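Working notes, beginning with the structure itself.
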Amino acid sequence: MSKVDPRIANLDRGAALPRKNGELVFKAPWEGRAFGMVVVLNEKGAYAWDEFRARLVEEIAEGSPEYYESWLSAFESLLIDHGVVSVDELGRRASEYASLERDPVF
Amino acid sequence: MTKHDHHEHGDHSHHPEAPSDIEARTLALESLLIEKGLLTSEDVDRIISAYEHDIGPMIGARVVAHAWVDLDYRARLLNDGPAAIRELGYDYPASTGLAVLESTKEVHHMVVCTLCSCYPWAVLGLPPTWYKSAPYRSRAVVEPRKVLEEFGVALPADVSVNVWDSSSDLRYMVLPERPEGTEGWTEEQLAAIVSRDCMIGVARPQVPAEANR
């Protein structure tokens with residue numbers, strides 16, 4: 001059983017996770033995947049939580065009104081800056097999925 | 001798959017629908033991170049299910065943290081819980097009352113619902129399974145100190161224990177005592193140490209070992 005990290009559950013200052021009746025709401029499966037990946041890599045120590053949070057707050061301030069789009073953009077930029085993935089491989093892989101060259105079920 | 005979302009495929013083969021751009025970006029990230037050995041799909045599943053049902057004791061925690069730093073607010077919270085909660089911008093249903101109980105060095109409050117499972121879900125989310133269990137419901141009244149010990153709360157003999165029985169008309173939330181070593185903390189830092197169990201009164205806020213945050 002995973003423990004909920006209160007720093008994540010209690011995100012605030014405009015970065016609060018979308019909720020309904022207190023429960024997290026994912027409007028589409030990709031939102032849940034994006035959420036989960038960020039939390040897993042944080043648990044594994046790939047970056048400090050505050051690093052992600054600062055980028056999320058920035059993205060929300062200047063980016064899309066859709067919460068998890070900002071979330072995903074913050075995650076991408078963090079991984080790129082840490083050298084975990086490159087802009088090229090990310091772009092190539094995304095277009096393989098978008099064009100169905102690659103099976104989206106794995 | 002249930003009957004209701006069954007699709008008519010007719011003679012067509014089952015082609016997957018092309019993912020949207022944002023879905024493709026998410027798939028790209030997850031597949032690359034898996035290939036690099038940084039995570040597994042099961043890791044992600046596990047996190048989603050843990051957080052999806054964490055069910056916000058967050059609101060209660062923020063209310064407590066605010067009451068710790070603002071004594072006037074604390075007085076208003078103890079006087080009229082629902083009004084004070086609305087004051088912070090949260091919804092609180094008009095149909096149920098909420099009494100906030102202040103635990104101190106002399107008195108420890110703990111909450112139960114002996115008849116069913118009345119619970120201030122508007123501030124604490126859904127109740128934990130043990131709250132609804134028959135042993136907790138009966139033992140909290142008969143031997144509260146023993147129950148508290150089992151939750152890891154050892155109270156000195158001179159601290160009195162008050163057990164409050166919730167009803168559908170009046171529910172309770174505990175305002176725990178602010179622990180020492182939290183001077184100068186922000187409300188966000190404070191809220192992070194106020195767990196659901198603290199607000200039911202079966203735990204006390206703990207200052208983490210690496211307290212110089």
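Residue numbering restarts at 1 for every chain of the structure tokens, chains are lettered A, B, ... in their displayed order, and ligands are numbered from 1 as they appear.
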
>> Could you list, as a PyMOL selection string, every residue within 9 Å of Ala34 in chain A, counting only C-alpha atoms and ignoring same-chain residues fewer than 2 positions away?
In response: (chain A and resi 29-32+36-39+68+71-72+75) or (chain B and resi 26+29-30+44)

Would you write out those residues with all heavy atoms, as a CSV table (one decimal), in the first residue's frame?
```csv
chain,number,residue,atom,x,y,z
A,29,PRO,N,-8.0,9.0,-18.7
A,29,PRO,CA,-6.9,8.1,-18.2
A,29,PRO,C,-5.5,8.7,-18.3
A,29,PRO,O,-4.7,8.6,-17.4
A,29,PRO,CB,-7.0,6.9,-19.1
A,29,PRO,CG,-8.5,6.8,-19.5
A,29,PRO,CD,-8.9,8.3,-19.7
A,30,TRP,N,-5.3,9.5,-19.4
A,30,TRP,CA,-3.9,10.1,-19.5
A,30,TRP,C,-3.6,11.0,-18.3
A,30,TRP,O,-2.4,11.1,-17.8
A,30,TRP,CB,-3.7,10.8,-20.8
A,30,TRP,CG,-4.4,12.1,-21.0
A,30,TRP,CD1,-5.6,12.3,-21.5
A,30,TRP,CD2,-3.9,13.4,-20.5
A,30,TRP,NE1,-5.9,13.6,-21.5
A,30,TRP,CE2,-4.9,14.3,-20.8
A,30,TRP,CE3,-2.8,13.8,-19.8
A,30,TRP,CZ2,-4.8,15.7,-20.5
A,30,TRP,CZ3,-2.7,15.2,-19.5
A,30,TRP,CH2,-3.7,16.1,-19.9
A,31,GLU,N,-4.6,11.6,-17.7
A,31,GLU,CA,-4.4,12.5,-16.6
A,31,GLU,C,-3.9,11.7,-15.4
A,31,GLU,O,-2.9,12.2,-14.7
A,31,GLU,CB,-5.6,13.3,-16.2
A,31,GLU,CG,-6.1,14.3,-17.3
A,31,GLU,CD,-7.2,15.2,-16.9
A,31,GLU,OE1,-7.8,14.9,-15.8
A,31,GLU,OE2,-7.5,16.1,-17.6
A,32,GLY,N,-4.5,10.6,-15.2
A,32,GLY,CA,-4.0,9.7,-14.1
A,32,GLY,C,-2.6,9.2,-14.3
A,32,GLY,O,-1.8,9.2,-13.4
A,36,GLY,N,0.5,9.9,-11.9
A,36,GLY,CA,1.2,8.8,-11.3
A,36,GLY,C,2.7,8.8,-11.6
A,36,GLY,O,3.6,8.6,-10.8
A,37,MET,N,3.1,9.2,-12.9
A,37,MET,CA,4.5,9.2,-13.3
A,37,MET,C,5.3,10.2,-12.4
A,37,MET,O,6.4,9.9,-12.0
A,37,MET,CB,4.6,9.5,-14.8
A,37,MET,CG,4.3,8.3,-15.6
A,37,MET,SD,4.8,8.6,-17.4
A,37,MET,CE,3.4,9.6,-18.0
A,38,VAL,N,4.7,11.4,-12.3
A,38,VAL,CA,5.4,12.4,-11.6
A,38,VAL,C,5.6,12.0,-10.1
A,38,VAL,O,6.7,12.2,-9.6
A,38,VAL,CB,4.6,13.7,-11.6
A,38,VAL,CG1,5.1,14.8,-10.6
A,38,VAL,CG2,4.5,14.3,-13.0
A,39,VAL,N,4.6,11.4,-9.5
A,39,VAL,CA,4.7,11.0,-8.1
A,39,VAL,C,5.7,9.8,-8.0
A,39,VAL,O,6.5,9.8,-7.0
A,39,VAL,CB,3.3,10.6,-7.5
A,39,VAL,CG1,3.5,10.2,-6.1
A,39,VAL,CG2,2.4,11.8,-7.6
A,68,TYR,N,-4.1,19.4,-15.9
A,68,TYR,CA,-3.1,18.3,-16.2
A,68,TYR,C,-2.3,18.6,-17.5
A,68,TYR,O,-1.3,17.9,-17.7
A,68,TYR,CB,-3.8,16.9,-16.2
A,68,TYR,CG,-4.0,16.5,-14.8
A,68,TYR,CD1,-5.3,16.5,-14.2
A,68,TYR,CD2,-2.9,16.1,-14.0
A,68,TYR,CE1,-5.4,16.1,-12.8
A,68,TYR,CE2,-3.1,15.7,-12.7
A,68,TYR,CZ,-4.3,15.7,-12.1
A,68,TYR,OH,-4.5,15.3,-10.8
A,71,TRP,N,0.4,20.3,-15.9
A,71,TRP,CA,1.2,19.2,-15.2
A,71,TRP,C,2.1,18.5,-16.1
A,71,TRP,O,3.3,18.3,-15.8
A,71,TRP,CB,0.1,18.3,-14.6
A,71,TRP,CG,0.6,17.1,-13.8
A,71,TRP,CD1,1.1,16.0,-14.2
A,71,TRP,CD2,0.7,17.0,-12.3
A,71,TRP,NE1,1.5,15.1,-13.2
A,71,TRP,CE2,1.3,15.8,-12.0
A,71,TRP,CE3,0.4,17.9,-11.3
A,71,TRP,CZ2,1.5,15.3,-10.7
A,71,TRP,CZ3,0.6,17.5,-10.0
A,71,TRP,CH2,1.1,16.2,-9.7
A,72,LEU,N,1.6,18.0,-17.2
A,72,LEU,CA,2.4,17.3,-18.2
A,72,LEU,C,3.5,18.1,-18.7
A,72,LEU,O,4.7,17.6,-18.8
A,72,LEU,CB,1.5,16.7,-19.3
A,72,LEU,CG,2.2,15.7,-20.2
A,72,LEU,CD1,2.4,14.4,-19.5
A,72,LEU,CD2,1.4,15.5,-21.5
A,75,PHE,N,6.3,18.4,-16.2
A,75,PHE,CA,7.0,17.1,-16.1
A,75,PHE,C,8.0,17.0,-17.3
A,75,PHE,O,9.1,16.6,-17.1
A,75,PHE,CB,6.0,16.0,-16.1
A,75,PHE,CG,6.5,14.6,-15.8
A,75,PHE,CD1,7.5,14.4,-14.8
A,75,PHE,CD2,6.0,13.5,-16.5
A,75,PHE,CE1,8.0,13.2,-14.5
A,75,PHE,CE2,6.5,12.2,-16.2
A,75,PHE,CZ,7.5,12.1,-15.2
B,26,THR,N,1.8,11.7,-23.4
B,26,THR,CA,1.8,10.9,-22.1
B,26,THR,C,2.3,9.5,-22.4
B,26,THR,O,3.1,9.0,-21.6
B,26,THR,CB,0.4,10.9,-21.5
B,26,THR,OG1,-0.1,12.2,-21.5
B,26,THR,CG2,0.4,10.3,-20.1
B,29,LEU,N,6.1,9.5,-22.9
B,29,LEU,CA,6.8,9.6,-21.7
B,29,LEU,C,6.8,8.3,-20.9
B,29,LEU,O,7.8,7.8,-20.5
B,29,LEU,CB,6.2,10.7,-20.8
B,29,LEU,CG,6.6,12.1,-21.0
B,29,LEU,CD1,5.8,13.1,-20.1
B,29,LEU,CD2,8.1,12.3,-20.6
B,30,GLU,N,5.6,7.7,-20.8
B,30,GLU,CA,5.5,6.5,-20.0
B,30,GLU,C,6.4,5.4,-20.6
B,30,GLU,O,7.2,4.7,-19.9
B,30,GLU,CB,4.1,6.0,-19.8
B,30,GLU,CG,4.0,4.8,-18.8
B,30,GLU,CD,2.6,4.5,-18.3
B,30,GLU,OE1,1.7,5.3,-18.5
B,30,GLU,OE2,2.4,3.5,-17.7
B,44,VAL,N,2.9,3.1,-11.5
B,44,VAL,CA,2.0,4.2,-11.8
B,44,VAL,C,0.6,3.9,-11.3
B,44,VAL,O,-0.1,4.7,-10.7
B,44,VAL,CB,2.0,4.6,-13.3
B,44,VAL,CG1,1.0,5.7,-13.6
B,44,VAL,CG2,3.4,5.0,-13.7
```

Using only C-alpha atoms, I'd like a table of the residues in chain B that come within 8 Å of chain A; for each, show the closest atom pair and its distance in Å rounded to one decimal, ordered by chain and ascending number, as CSV.
```
residue,atom,partner,partner_atom,distance
B:Ala18,CA,A:Ala98,CA,5.8
B:Pro19,CA,A:Ala98,CA,5.4
B:Ser20,CA,A:Ala98,CA,6.6
B:Asp21,CA,A:Ala98,CA,6.4
B:Ile22,CA,A:Glu69,CA,7.5
B:Glu23,CA,A:Trp30,CA,5.9
B:Ala24,CA,A:Ala94,CA,4.9
B:Arg25,CA,A:Ala94,CA,5.0
B:Thr26,CA,A:Trp30,CA,6.4
B:Leu27,CA,A:Pro104,CA,7.0
B:Ala28,CA,A:Ala94,CA,4.9
B:Leu29,CA,A:Leu90,CA,6.8
B:Glu30,CA,A:Met37,CA,7.3
B:Leu32,CA,A:Val85,CA,7.7
B:Leu38,CA,A:Leu41,CA,7.4
B:Leu39,CA,A:Val40,CA,7.2
B:Asp43,CA,A:Val40,CA,6.6
B:Val44,CA,A:Gly36,CA,4.7
B:Asp45,CA,A:Gly36,CA,7.1
B:Arg46,CA,A:Ser2,CA,6.8
B:Ile47,CA,A:Gly36,CA,5.4
B:Ile48,CA,A:Gly36,CA,5.5
B:Ala50,CA,A:Ser2,CA,5.8
B:Tyr51,CA,A:Val4,CA,6.2
B:Glu52,CA,A:Leu24,CA,5.2
B:His53,CA,A:Glu23,CA,6.1
B:Asp54,CA,A:Glu23,CA,6.7
B:Ile55,CA,A:Glu23,CA,4.4
B:Gly56,CA,A:Gly22,CA,4.3
B:Pro57,CA,A:Gly22,CA,7.6
B:Met58,CA,A:Asn10,CA,6.1
B:Ile59,CA,A:Gly22,CA,7.9
B:Ala122,CA,A:Asn21,CA,7.2
B:Gly125,CA,A:Gly22,CA,5.8
B:Glu188,CA,A:Asn10,CA,7.7
B:Ala191,CA,A:Asn10,CA,7.8
B:Ala192,CA,A:Pro6,CA,5.2
B:Ile193,CA,A:Pro6,CA,7.7
```

Residues just named, written with C-alpha atoms as a compact mmCIF listing (two decimals), in the first residue's frame:
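Result file follows (selection-v9.txt):
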```
# COMPACT_ATOMS: atom_id res chain seq x y z
CA ALA B 18 -5.49 7.45 -32.81
CA PRO B 19 -4.56 9.10 -29.53
CA SER B 20 -4.86 12.86 -29.19
CA ASP B 21 -1.67 14.90 -29.00
CA ILE B 22 -1.67 15.07 -25.26
CA GLU B 23 -2.40 11.35 -24.96
CA ALA B 24 0.47 10.65 -27.37
CA ARG B 25 2.81 12.80 -25.26
CA THR B 26 1.79 10.92 -22.14
CA LEU B 27 2.26 7.54 -23.85
CA ALA B 28 5.65 8.68 -25.16
CA LEU B 29 6.80 9.62 -21.67
CA GLU B 30 5.55 6.50 -19.98
CA LEU B 32 10.40 5.93 -22.58
CA LEU B 38 12.93 4.37 -14.27
CA LEU B 39 9.43 3.14 -13.55
CA ASP B 43 4.24 1.70 -10.09
CA VAL B 44 2.00 4.23 -11.79
CA ASP B 45 -1.15 2.14 -11.13
CA ARG B 46 -0.26 1.86 -7.48
CA ILE B 47 0.17 5.63 -7.08
CA ILE B 48 -3.07 6.43 -8.88
CA ALA B 50 -3.41 5.40 -3.48
CA TYR B 51 -4.11 9.03 -4.30
CA GLU B 52 -7.44 8.63 -6.02
CA HIS B 53 -8.94 7.56 -2.73
CA ASP B 54 -6.94 9.74 -0.38
CA ILE B 55 -10.16 11.70 -0.08
CA GLY B 56 -9.31 15.01 1.28
CA PRO B 57 -8.66 15.27 4.96
CA MET B 58 -6.90 18.21 3.30
CA ILE B 59 -9.70 20.65 4.07
CA ALA B 122 -17.11 17.46 4.25
CA GLY B 125 -13.40 12.90 3.30
CA GLU B 188 1.15 24.70 4.40
CA ALA B 191 -1.31 21.37 7.39
CA ALA B 192 1.01 18.62 6.16
CA ILE B 193 1.40 17.17 9.67
```

> From the set B:Ala157, B:Val163, B:Val64, B:Ala75, which residue has the shortest atom-to-atom contact distance to Arg196 in chain B, counting only C-alpha atoms?
Replying inline: B:Val64

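Using only C-alpha atoms, the protein and nucleic acid residues lying no more than 12 Å from Trp130 in chain B, apart from those fewer than 4 places from it along its own chain, are Val112, Cys113, Ser117, Leu126, Ala134, Pro135, Tyr136, Arg137, Ser138, Arg139, Ala140, Val147, Phe151, Asp197, Ile200 and Val202 of chain B.
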
>> Give me, as JSON, numbers by chain, the residues of chain A that a backbone DSSP run labels strand (DSSP E or B).
In response: {"A": [19, 20, 23, 24]}

> Out of A:Asp50, A:Glu66, A:Glu43, A:Glu59, which residue has the shortest atom-to-atom distance to Lys27 in chain A when counting only C-alpha atoms?
Replying inline: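 Closest to Lys27 in chain A, using only C-alpha atoms: A:Glu66.
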
>> Using only C-alpha atoms, which protein or nucleic acid residues come within 10 Å of Tyr172 in chain B? Drop anything in the same chain fewer than 6 positions from it, and give the result as a VMD selection string.
In response: chain B and resid 81 97 to 101 109 to 113 118 to 120 164 to 166 199 to 201

Filtering to N, CA, C and O atoms, could you give me those residues as a compact mmCIF listing (two decimals), in the first residue's frame?
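Result file follows (again.txt):
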```
# COMPACT_ATOMS: atom_id res chain seq x y z
N GLY B 81 -18.25 26.04 13.89
CA GLY B 81 -17.41 25.32 12.93
C GLY B 81 -17.77 25.56 11.47
O GLY B 81 -16.93 25.99 10.68
N GLY B 97 -24.67 19.84 11.46
CA GLY B 97 -23.87 20.67 12.36
C GLY B 97 -22.47 20.08 12.51
O GLY B 97 -22.25 18.89 12.27
N LEU B 98 -21.55 20.94 12.91
CA LEU B 98 -20.20 20.45 13.16
C LEU B 98 -19.67 21.16 14.40
O LEU B 98 -19.66 22.39 14.46
N ALA B 99 -19.26 20.37 15.38
CA ALA B 99 -18.64 20.96 16.56
C ALA B 99 -17.16 20.65 16.50
O ALA B 99 -16.76 19.52 16.23
N VAL B 100 -16.35 21.68 16.74
CA VAL B 100 -14.90 21.49 16.74
C VAL B 100 -14.43 21.44 18.19
O VAL B 100 -14.78 22.31 18.99
N LEU B 101 -13.68 20.39 18.51
CA LEU B 101 -13.27 20.14 19.89
C LEU B 101 -11.79 20.39 20.03
O LEU B 101 -10.99 19.81 19.29
N HIS B 109 -9.62 14.86 23.15
CA HIS B 109 -10.92 14.51 22.59
C HIS B 109 -10.76 13.43 21.53
O HIS B 109 -9.78 13.42 20.78
N MET B 110 -11.74 12.55 21.48
CA MET B 110 -11.75 11.53 20.44
C MET B 110 -13.18 11.29 19.99
O MET B 110 -14.11 11.45 20.75
N VAL B 111 -13.33 10.96 18.71
CA VAL B 111 -14.66 10.92 18.11
C VAL B 111 -15.01 9.51 17.65
O VAL B 111 -14.16 8.78 17.14
N VAL B 112 -16.27 9.16 17.83
CA VAL B 112 -16.76 7.86 17.40
C VAL B 112 -18.19 8.06 16.94
O VAL B 112 -18.79 9.11 17.21
N CYS B 113 -18.72 7.09 16.23
CA CYS B 113 -20.16 7.07 16.02
C CYS B 113 -20.60 5.69 16.42
O CYS B 113 -20.35 4.72 15.73
N CYS B 118 -21.54 8.04 11.34
CA CYS B 118 -21.61 9.48 11.09
C CYS B 118 -20.21 10.06 11.18
O CYS B 118 -19.45 9.73 12.09
N TYR B 119 -19.90 10.91 10.25
CA TYR B 119 -18.50 11.33 10.08
C TYR B 119 -18.51 12.66 9.35
O TYR B 119 -19.31 12.86 8.43
N PRO B 120 -17.64 13.59 9.73
CA PRO B 120 -17.66 14.89 9.05
C PRO B 120 -16.94 14.81 7.70
O PRO B 120 -15.86 15.37 7.52
N TRP B 164 -16.64 11.55 22.10
CA TRP B 164 -17.84 12.21 21.59
C TRP B 164 -18.51 11.32 20.57
O TRP B 164 -17.86 10.82 19.64
N ASP B 165 -19.82 11.15 20.75
CA ASP B 165 -20.59 10.24 19.88
C ASP B 165 -21.31 11.06 18.80
O ASP B 165 -22.24 11.81 19.09
N SER B 166 -20.87 10.88 17.57
CA SER B 166 -21.45 11.65 16.46
C SER B 166 -22.87 11.19 16.15
O SER B 166 -23.22 10.04 16.37
N MET B 199 -7.52 14.40 13.44
CA MET B 199 -8.78 15.13 13.55
C MET B 199 -9.93 14.24 14.01
O MET B 199 -11.01 14.72 14.34
N ILE B 200 -9.69 12.92 14.05
CA ILE B 200 -10.65 12.01 14.68
C ILE B 200 -10.26 11.87 16.16
O ILE B 200 -11.06 11.48 16.99
N GLY B 201 -9.03 12.22 16.45
CA GLY B 201 -8.57 12.16 17.84
C GLY B 201 -7.91 10.84 18.21
O GLY B 201 -7.78 10.53 19.39
```

> What are the DSSP alpha helix (DSSP H) residues of range 1-212 of chain B, as an MDAnalysis selection string?
Replying inline: chainID B and resid 21:35 41:52 58:69 71:79 81:87 121:124 129:132 134:142 144:150 187:192 196:200

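Note that CA of Arg204 in chain B and CA of Leu148 in chain B are 10.4 Å apart.
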